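Colleague: Dropping the structure in here first, questions after.
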Amino acid sequence: MRKETPGKEPLRQRFVGFARKPYRDRANSSYLVRRWPDFTGVCCATVFFWMSLTPSLVPRPWLLQGVVGGISAALGYAVGSVASTACRALFRWRPGRVTRARIWQAYWILGPVLSVLLIWESAHMQRRLRELQGLPEALAWHIPVIALIAVLLWALILLVARSIRLGSRRLIRLLHRFVPLPVAIAVGFALSALIVTVGLRNVVFQRGVIDVADRMAYTVNGGTRGGIEKPVSPLVSGGPGSLVAWQDLGFQGRNFIGSVLTRQQISDFTGRPAKDPVRIYISASAPEAFSGDEDPFKGKATLAVRELERTGAFDRDVLAIAGTTGTGWINSDISEPLEYLHDGNTAIVAVQYSYLPSWVSFLVDKERAAQATRDLVEAVHEKWSALPKGHRPKLVVTGESLGGYAVESSFDGVDDLLARTDGALVIGTPNFAPMSQEIRDHRDAGSPVWRPQYQGGRNVRVAQFPEEDLRRPEGAWGHPRVVYLQNASDPVVWWSTGLLLRRPEWLDKPLGPDITSEIRWFPLVTFWQTTIDMAVSYGVEAPHGHRYGAGPVDGWAAIVPREGWTAQDTARLRRHIEQRESPY
C-alpha cells in the first residue's frame with residue numbers, strides 16, 4: 001500500500017471538510033472580531049463589488065478599481081449585516097446546518113466565477129470608455145490583483161469596524177457596573193461615536209493627513225521650478241521696483257511670474273507690435289502691512305492694487321482678476337491666450353490663499369479661497385470704478401476649478417457679475433460653486449444639465465467644445481459675456497455627497513458626448529466611483545475629465561475680442577496653445 005506523504009492527508013481532510021461545511025462556527029458566542037462573516041453581508045458585499053466594476057466618468061486604472069471595489073464591498077457588507085440583524089430580530093426561523101452549508105457552497109461556486117467574468121467584462125467597458133474619450137484602447141487590467149486588492153481592503157475595513165464594535169461592547173460592560181444597562185448602552189454608544197469621530201478628525205486627518213500634506217507643500221512652495229528665473233521686467237511682481245520680493249512669491253507665484261510672455265514672443269506670433277504684459281501675484285507669504293483690518297486678505301488686496309498702480313495696469317486694454325487653485329496655480333492656458341489676443345496690452349492679478357494641494361484646500365481652505373478672491377475683486381473694482389468710463393480697461397474675471405469657485409463666490413449671482421464686470425471665463429468649477437448651481441438649477445427647459453442653456457444664451461453660455469458650443473443657441477449674444485467651460489465627464493464638476501443616495505441629473509438622457517451608455521447609478525457605490533475619478537481626472541486628454549486644453553482661446557475671443565480679430569485668428573492661436581510646450 002502506498003504511503004501518504006506526511007502532512008498531505010491532514011491537508012486533504014481539511015479541504016474536504018471545508019467543502020462539506022464551507023463556513024466556521026464561532027468558538028465562543030461572544031466573539032466579534034474572530035467570527036465568520038455574515039452570509040447576507042458577504043452576498044451584499046459581492047454585489048456591491050460587482051456594481052463598482054461598471055464604468056464611471058473617466059477611465060480608471062486597475063489599482064484604483066481594486067480600491068473602489070474594496071470600499072464598495074465594505075459598504076455592501078454593512079448594508080447586508082444590518083439587514084441580516086434586522087431579520088434575525090423580526091423572525092425566529094434560522095437555517096439548519098445542511099441548509100447553511102448548501103448556501104455557502106453555492107456562494108463559493110458562483111461568487112468567484114461570476115466575479116472573474118465581471119472583472120473581465122469591466123476591462124472591455126473601460127476600453128470602450130477610453131476610446132470614447134480619445135485614449136488608446138490598450139489597457140492593463142490585472143483580474144487576480146483587482147480581486148485581491150478588493151478582498152484585502154474589505155477585510156481591513158471589516159477588521160477595523162469589528163474592533164471598534166468590540167471596544168464599544170467592553171465600554172458598555174464597564175459602564176454597566178455603575179449605571180443601569182439602558183443608560184450604559186446609550187452612553188457607551190455616544191462615547192464610542194465621539195472617540196471615533198475625534199480620532200478620525202483630529203488624529204488621523206488633521207495631525208496625520210493634513211500635517212503631512214502641509215509639510216510637503218511647504219517644502220515645495222519654497223522651491224523654484226527648473227528654468228524659471230527672476231524677471232527683468234518692471235511690469236511684474238518680483239521684478240525691478242516691485243513691492244513684492246521674488247523670494248516671497250512662492251512656488252506657483254514664481255512659475256506664473258517667471259514665465260511671463262515678452263513683447264518679442266507675442267510679436268513673433270502675431271506679426272504686430274506688442275507690449276510686455278503686466279502680471280501681479282500676491283502670495284500667501286507676502287506682507288500684509290497695508291491694512292489694519294483683522295482680515296489678512298484685505299491687506300493683500302490693497303498690496304495688489306498698489307502693484308497694479310505701480311505697473312500702469314489700469315491703462316491697459318484688459319484687466320483680468322484670476323482666482324487661483326489650492327496651490328496658487330494659474331493655468332498658462334488661461335493667461336497666455338488673453339495676452340496674445342491683445343498684443344500684451346493686458347494685466348492679470350491674483351492673490352494666493354494657500355499653497356496646499358487643491359483636495360486639501362477643498363477640505364480646509366474653501367472659505368479662505370472665497371474670502372481672498374472676494375477681497376481682491378472688491379479692492380480692484382473700487383479703484384477701477386473710480387476711473388472715468390472712457391478711460392477704464394475692460395474688467396474681466398477668471399478661474400479654474402477651486403479658483404472658479406472663488407471667483408463665483410465674489411459676486412451675489414449672475415446678475416451681479418454681469419453688472420460689475422465686462423465678462424468672465426470660468427472653467428471646471430466644483431459642484432458646490434454658487435453661480436454654477438444657479439445656472440444649472442434655472443436652465444432653460446429641455447437643455448441638459450451638462451450643457452445648460454441659461455436665459456436663452458443671452459449673456460451666459462456653457463461649452464465643452466467651445467468652437468461649436470459657443471455658437472449655440474442661434475441669435476444675439478449680448479455683452480458682457482460669461483463663458484463656462486464644463487466637460488460632461490468632469491468628476492470635479494459632478495462630485496457631491498448627494499451621489500450617496502440620489503441619482504444625479506447628469507445621468508439623465510441624453511447623456512453627455514463623452515459619457516458611456518454603460519454608466520449606471522448605484523446607491524453609495526457611484527459616490528465612491530466619482531471620488532476615485534477625481535484622482536485620475538487629469539489622466540485623459542482635453543476636452544475630457546478635468547482637462548480643458550486650449551478651450552480658453554475661444555472663450556477669451558468671445559468675451560473680449562480685439563478689434564479686427566477673426567475666426568481664423570482664433571483657430572491659429574488655438575493650434576499654437578495646443579502645440580507649444582507648457583511653461584510650467
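Letters A, B, ... mark the chains of the C-alpha cells in the order given; residue numbers begin at 1 per chain; ligand numbers begin at 1, in order shown.
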Do you know which residues are at most 10 Å from range 560-566 of chain A counting only C-alpha atoms, after dropping those on the same chain fewer than 2 positions away, and could you put them as a list in words?

Modeller: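 In the requested form, the answer reads Asp317, Val318, Leu338, Leu341, His342, Asp343, Lys394, Leu395, Val396, Asp422, Gly423, Ala424, His479, Pro480, Arg481, Asp554, Gly555, Trp556, Ala557, Ala558, Gln568, Asp569, Thr570, Ala571 and Arg572 of chain A.
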
Colleague: If we count only C-alpha atoms and set the cut-off at 10 Å, which residues sit around Ser285 in chain A, ignoring sequence neighbours fewer than 3 positions away in its own chain? Please answer as an NGL selection string.

Modeller: :A and (247-250 or 282 or 288 or 300 or 352-355)

Colleague: Which residue, A:Asp38, A:Glu467, A:Glu581, A:Asp214, has the smallest gap to Trp359 in chain A when you use only C-alpha atoms?

Modeller: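 Selected residue with least distance to Trp359 in chain A: A:Asp214.
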
Colleague: May I ask for the distance between CA of Val460 in chain A and CA of Gln437 in chain A, given in Å to one decimal place?

Modeller: 13.4 Å

Colleague: Tell me, which residues of range 96-337 of chain A carry DSSP alpha helix (DSSP H), written as a ChimeraX atom specification?

Modeller: /A:97-132,143-176,181-198,211-221,250-258,263-270,296-311,332-337

Colleague: Which residues are close to Ala370 in chain A, i.e. within 7 Å by only C-alpha atoms, leaving aside same-chain residues fewer than 2 positions away? Reply as a ChimeraX atom specification.

Modeller: /A:366-368,372-374,406,409-410

Colleague: Identify all residues of range 426-490 of chain A in strand (DSSP E) (DSSP on the backbone) and supply them as a PyMOL selection string.

Modeller: chain A and resi 426-427+460-463+481-485

Colleague: Go ahead and save the residues from that selection, with all heavy atoms, as an mmCIF file, in the first residue's frame.

Modeller:
```cif
data_model
loop_
_atom_site.group_PDB
_atom_site.id
_atom_site.type_symbol
_atom_site.label_atom_id
_atom_site.label_comp_id
_atom_site.auth_asym_id
_atom_site.auth_seq_id
_atom_site.Cartn_x
_atom_site.Cartn_y
_atom_site.Cartn_z
ATOM 1 N N VAL A 426 -14.938 81.032 -16.760
ATOM 2 C CA VAL A 426 -14.940 80.163 -15.588
ATOM 3 C C VAL A 426 -14.837 78.719 -16.077
ATOM 4 O O VAL A 426 -15.592 78.303 -16.960
ATOM 5 C CB VAL A 426 -16.209 80.362 -14.738
ATOM 6 C CG1 VAL A 426 -16.106 79.589 -13.439
ATOM 7 C CG2 VAL A 426 -16.426 81.849 -14.454
ATOM 8 N N ILE A 427 -13.921 77.962 -15.481
ATOM 9 C CA ILE A 427 -13.563 76.661 -16.031
ATOM 10 C C ILE A 427 -13.617 75.574 -14.954
ATOM 11 O O ILE A 427 -12.989 75.709 -13.895
ATOM 12 C CB ILE A 427 -12.145 76.704 -16.634
ATOM 13 C CG1 ILE A 427 -12.068 77.787 -17.716
ATOM 14 C CG2 ILE A 427 -11.740 75.351 -17.201
ATOM 15 C CD1 ILE A 427 -10.668 78.022 -18.239
ATOM 16 N N VAL A 460 -24.847 84.293 -20.998
ATOM 17 C CA VAL A 460 -24.083 83.181 -20.427
ATOM 18 C C VAL A 460 -24.185 81.968 -21.346
ATOM 19 O O VAL A 460 -25.285 81.580 -21.756
ATOM 20 C CB VAL A 460 -24.609 82.809 -19.027
ATOM 21 C CG1 VAL A 460 -23.822 81.635 -18.459
ATOM 22 C CG2 VAL A 460 -24.543 84.004 -18.086
ATOM 23 N N ARG A 461 -23.027 81.367 -21.657
ATOM 24 C CA ARG A 461 -23.026 80.149 -22.467
ATOM 25 C C ARG A 461 -22.038 79.146 -21.875
ATOM 26 O O ARG A 461 -20.994 79.527 -21.339
ATOM 27 C CB ARG A 461 -22.696 80.454 -23.925
ATOM 28 C CG ARG A 461 -23.743 81.379 -24.551
ATOM 29 C CD ARG A 461 -23.704 81.429 -26.048
ATOM 30 N NE ARG A 461 -24.784 82.276 -26.551
ATOM 31 C CZ ARG A 461 -25.062 82.468 -27.826
ATOM 32 N NH1 ARG A 461 -24.344 81.841 -28.759
ATOM 33 N NH2 ARG A 461 -26.065 83.255 -28.191
ATOM 34 N N VAL A 462 -22.412 77.873 -22.005
ATOM 35 C CA VAL A 462 -21.631 76.774 -21.428
ATOM 36 C C VAL A 462 -21.145 75.888 -22.556
ATOM 37 O O VAL A 462 -21.917 75.545 -23.459
ATOM 38 C CB VAL A 462 -22.484 75.967 -20.428
ATOM 39 C CG1 VAL A 462 -21.658 74.838 -19.817
ATOM 40 C CG2 VAL A 462 -23.046 76.875 -19.339
ATOM 41 N N ALA A 463 -19.868 75.502 -22.508
ATOM 42 C CA ALA A 463 -19.293 74.774 -23.637
ATOM 43 C C ALA A 463 -18.319 73.701 -23.170
ATOM 44 O O ALA A 463 -17.620 73.863 -22.160
ATOM 45 C CB ALA A 463 -18.564 75.740 -24.573
ATOM 46 N N ARG A 481 -20.222 89.110 -21.646
ATOM 47 C CA ARG A 481 -20.384 87.685 -21.888
ATOM 48 C C ARG A 481 -19.675 86.864 -20.810
ATOM 49 O O ARG A 481 -18.577 87.198 -20.376
ATOM 50 C CB ARG A 481 -19.802 87.319 -23.257
ATOM 51 C CG ARG A 481 -20.595 87.914 -24.419
ATOM 52 C CD ARG A 481 -19.943 87.591 -25.742
ATOM 53 N NE ARG A 481 -20.770 88.035 -26.863
ATOM 54 C CZ ARG A 481 -20.426 87.897 -28.140
ATOM 55 N NH1 ARG A 481 -19.271 87.315 -28.461
ATOM 56 N NH2 ARG A 481 -21.236 88.319 -29.100
ATOM 57 N N VAL A 482 -20.351 85.803 -20.427
ATOM 58 C CA VAL A 482 -19.786 84.853 -19.461
ATOM 59 C C VAL A 482 -19.691 83.505 -20.154
ATOM 60 O O VAL A 482 -20.696 82.997 -20.664
ATOM 61 C CB VAL A 482 -20.657 84.745 -18.195
ATOM 62 C CG1 VAL A 482 -20.095 83.692 -17.246
ATOM 63 C CG2 VAL A 482 -20.759 86.096 -17.501
ATOM 64 N N VAL A 483 -18.497 82.933 -20.177
ATOM 65 C CA VAL A 483 -18.280 81.625 -20.789
ATOM 66 C C VAL A 483 -17.889 80.630 -19.701
ATOM 67 O O VAL A 483 -16.943 80.875 -18.940
ATOM 68 C CB VAL A 483 -17.177 81.688 -21.862
ATOM 69 C CG1 VAL A 483 -16.796 80.287 -22.331
ATOM 70 C CG2 VAL A 483 -17.636 82.535 -23.048
ATOM 71 N N TYR A 484 -18.638 79.548 -19.646
ATOM 72 C CA TYR A 484 -18.302 78.429 -18.768
ATOM 73 C C TYR A 484 -17.767 77.291 -19.622
ATOM 74 O O TYR A 484 -18.434 76.852 -20.564
ATOM 75 C CB TYR A 484 -19.536 77.942 -18.007
ATOM 76 C CG TYR A 484 -19.798 78.685 -16.725
ATOM 77 C CD1 TYR A 484 -20.534 79.863 -16.725
ATOM 78 C CD2 TYR A 484 -19.309 78.217 -15.510
ATOM 79 C CE1 TYR A 484 -20.782 80.564 -15.555
ATOM 80 C CE2 TYR A 484 -19.544 78.906 -14.337
ATOM 81 C CZ TYR A 484 -20.286 80.072 -14.370
ATOM 82 O OH TYR A 484 -20.516 80.754 -13.206
ATOM 83 N N LEU A 485 -16.576 76.810 -19.312
ATOM 84 C CA LEU A 485 -16.070 75.583 -19.917
ATOM 85 C C LEU A 485 -16.345 74.458 -18.930
ATOM 86 O O LEU A 485 -15.842 74.471 -17.801
ATOM 87 C CB LEU A 485 -14.581 75.698 -20.215
ATOM 88 C CG LEU A 485 -14.177 76.796 -21.212
ATOM 89 C CD1 LEU A 485 -12.685 76.727 -21.494
ATOM 90 C CD2 LEU A 485 -14.971 76.686 -22.511
#
```

Colleague: I'd like to know which of A:Ala350, A:Val196, A:Leu64, A:Val204 is closest to Val380 in chain A, using only C-alpha atoms.

Modeller: A:Ala350

Colleague: Between A:Thr526, A:Arg310, A:Arg520, A:Ala542, which residue has the minimum interatomic distance to Ala488 in chain A, considering only C-alpha atoms?

Modeller: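 Ranking A:Thr526, A:Arg310, A:Arg520, A:Ala542 by distance to Ala488 in chain A, first place goes to A:Ala542.
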
Colleague: Near range 501-518 of chain A, within 12 Å and counting only C-alpha atoms, which residues show up once chain neighbours fewer than 4 positions away are dropped, as an NGL selection string?

Modeller: :A and (51 or 53-59 or 121-122 or 124-135 or 431 or 440-441 or 446-452 or 463-465 or 486-491 or 493-497 or 522-528 or 530 or 540-545)

Colleague: Interatomic distance between CA of Ile71 in chain A and CA of Ile146 in chain A?

Modeller: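 According to the coordinates, CA of Ile71 in chain A and CA of Ile146 in chain A are separated by 12.5 Å.
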
Colleague: Calculate how many Å separate CA of Gly457 in chain A from CA of Gly404 in chain A, rounding to one decimal.

Modeller: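 Answer for the CA of Gly457 in chain A to CA of Gly404 in chain A separation: 20.1 Å.
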
Colleague: Which residues are close to Lys230 in chain A, i.e. within 10 Å by only C-alpha atoms, leaving aside same-chain residues fewer than 2 positions away? Reply as a list in words.

Modeller: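 These residues fall inside the cut-off: Ile228, Val232, Ser233, Ser237, Gly238, Gly239, Pro240, Trp246, Gln247, Arg254, Asn255, Ile257, Gly258 and Ser259 of chain A.
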
Colleague: Generate a file of the selected residues that holds C-alpha atoms, formatted as a CSV table (one decimal), in the first residue's frame.

Modeller:
```csv
chain,number,residue,atom,x,y,z
A,228,ILE,CA,12.2,79.7,-14.1
A,232,VAL,CA,13.9,91.7,-15.5
A,233,SER,CA,10.6,93.4,-16.4
A,237,SER,CA,5.7,91.3,-9.2
A,238,GLY,CA,9.1,90.3,-8.1
A,239,GLY,CA,10.8,92.4,-10.8
A,240,PRO,CA,12.7,95.7,-10.5
A,246,TRP,CA,10.9,87.5,-5.7
A,247,GLN,CA,11.6,85.1,-2.8
A,254,ARG,CA,7.4,82.3,-9.3
A,255,ASN,CA,6.1,79.9,-12.0
A,257,ILE,CA,5.7,85.5,-13.0
A,258,GLY,CA,8.9,83.9,-14.2
A,259,SER,CA,7.2,82.5,-17.3
```

Colleague: Could you name the residues that touch Arg173 in chain A at 12 Å or less, counting only C-alpha atoms, but leaving out those on the same chain fewer than 2 positions away, as a compact mmCIF listing (two decimals) with N, CA and C atoms, in the first residue's frame?

Modeller:
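Output saved as around_5.txt:
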```txt
# COMPACT_ATOMS: atom_id res chain seq x y z
N LEU A 166 -16.11 45.93 19.18
CA LEU A 166 -15.65 45.22 20.38
C LEU A 166 -15.31 46.21 21.48
N GLY A 167 -14.64 47.30 21.12
CA GLY A 167 -14.33 48.31 22.12
C GLY A 167 -15.58 48.92 22.73
N SER A 168 -16.59 49.15 21.88
CA SER A 168 -17.86 49.71 22.39
C SER A 168 -18.51 48.73 23.36
N ARG A 169 -18.48 47.44 23.04
CA ARG A 169 -19.09 46.45 23.94
C ARG A 169 -18.40 46.44 25.29
N ARG A 170 -17.08 46.49 25.27
CA ARG A 170 -16.35 46.47 26.55
C ARG A 170 -16.60 47.75 27.35
N LEU A 171 -16.74 48.87 26.65
CA LEU A 171 -17.04 50.12 27.34
C LEU A 171 -18.41 50.06 27.98
N LEU A 175 -19.35 50.44 31.95
CA LEU A 175 -20.31 51.42 32.45
C LEU A 175 -21.46 50.75 33.20
N HIS A 176 -21.81 49.52 32.80
CA HIS A 176 -22.94 48.82 33.42
C HIS A 176 -22.66 48.48 34.89
N ARG A 177 -21.41 48.54 35.27
CA ARG A 177 -21.10 48.31 36.69
C ARG A 177 -21.61 49.45 37.57
N PHE A 178 -21.81 50.61 36.96
CA PHE A 178 -22.16 51.79 37.74
C PHE A 178 -23.54 52.34 37.43
N VAL A 179 -24.07 52.03 36.24
CA VAL A 179 -25.37 52.58 35.85
C VAL A 179 -26.22 51.46 35.25
N PRO A 180 -27.53 51.66 35.17
CA PRO A 180 -28.40 50.65 34.54
C PRO A 180 -27.99 50.39 33.09
N LEU A 181 -28.35 49.20 32.59
CA LEU A 181 -27.94 48.78 31.25
C LEU A 181 -28.40 49.73 30.15
N PRO A 182 -29.66 50.19 30.12
CA PRO A 182 -30.05 51.12 29.05
C PRO A 182 -29.20 52.38 29.02
N VAL A 183 -28.89 52.90 30.22
CA VAL A 183 -28.05 54.10 30.29
C VAL A 183 -26.64 53.77 29.82
N ALA A 184 -26.13 52.61 30.21
CA ALA A 184 -24.78 52.21 29.80
C ALA A 184 -24.69 52.07 28.28
N ILE A 185 -25.73 51.51 27.67
CA ILE A 185 -25.73 51.34 26.22
C ILE A 185 -25.74 52.70 25.53
N ALA A 186 -26.62 53.60 25.97
CA ALA A 186 -26.72 54.92 25.35
C ALA A 186 -25.42 55.70 25.49
N VAL A 187 -24.88 55.73 26.73
CA VAL A 187 -23.65 56.48 26.97
C VAL A 187 -22.47 55.82 26.25
N GLY A 188 -22.45 54.49 26.24
CA GLY A 188 -21.35 53.77 25.57
C GLY A 188 -21.31 54.03 24.09
N PHE A 189 -22.48 53.98 23.44
CA PHE A 189 -22.52 54.25 22.01
C PHE A 189 -22.13 55.71 21.72
```

Colleague: So that I can see what lies close to Val492 in chain A, please list as a PyMOL selection string the residues with an atom at most 8 Å from it, counting only C-alpha atoms and leaving out residues fewer than 6 positions away in the same chain.

Modeller: chain A and resi 401+428-431+534+537+546

Colleague: Point out the residue among A:Ser242, A:Asn331, A:Thr40, A:Gln206 with the least atom-to-atom distance to Pro583 in chain A, counting only C-alpha atoms.

Modeller: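 Of all the options, A:Asn331 lies closest to Pro583 in chain A.
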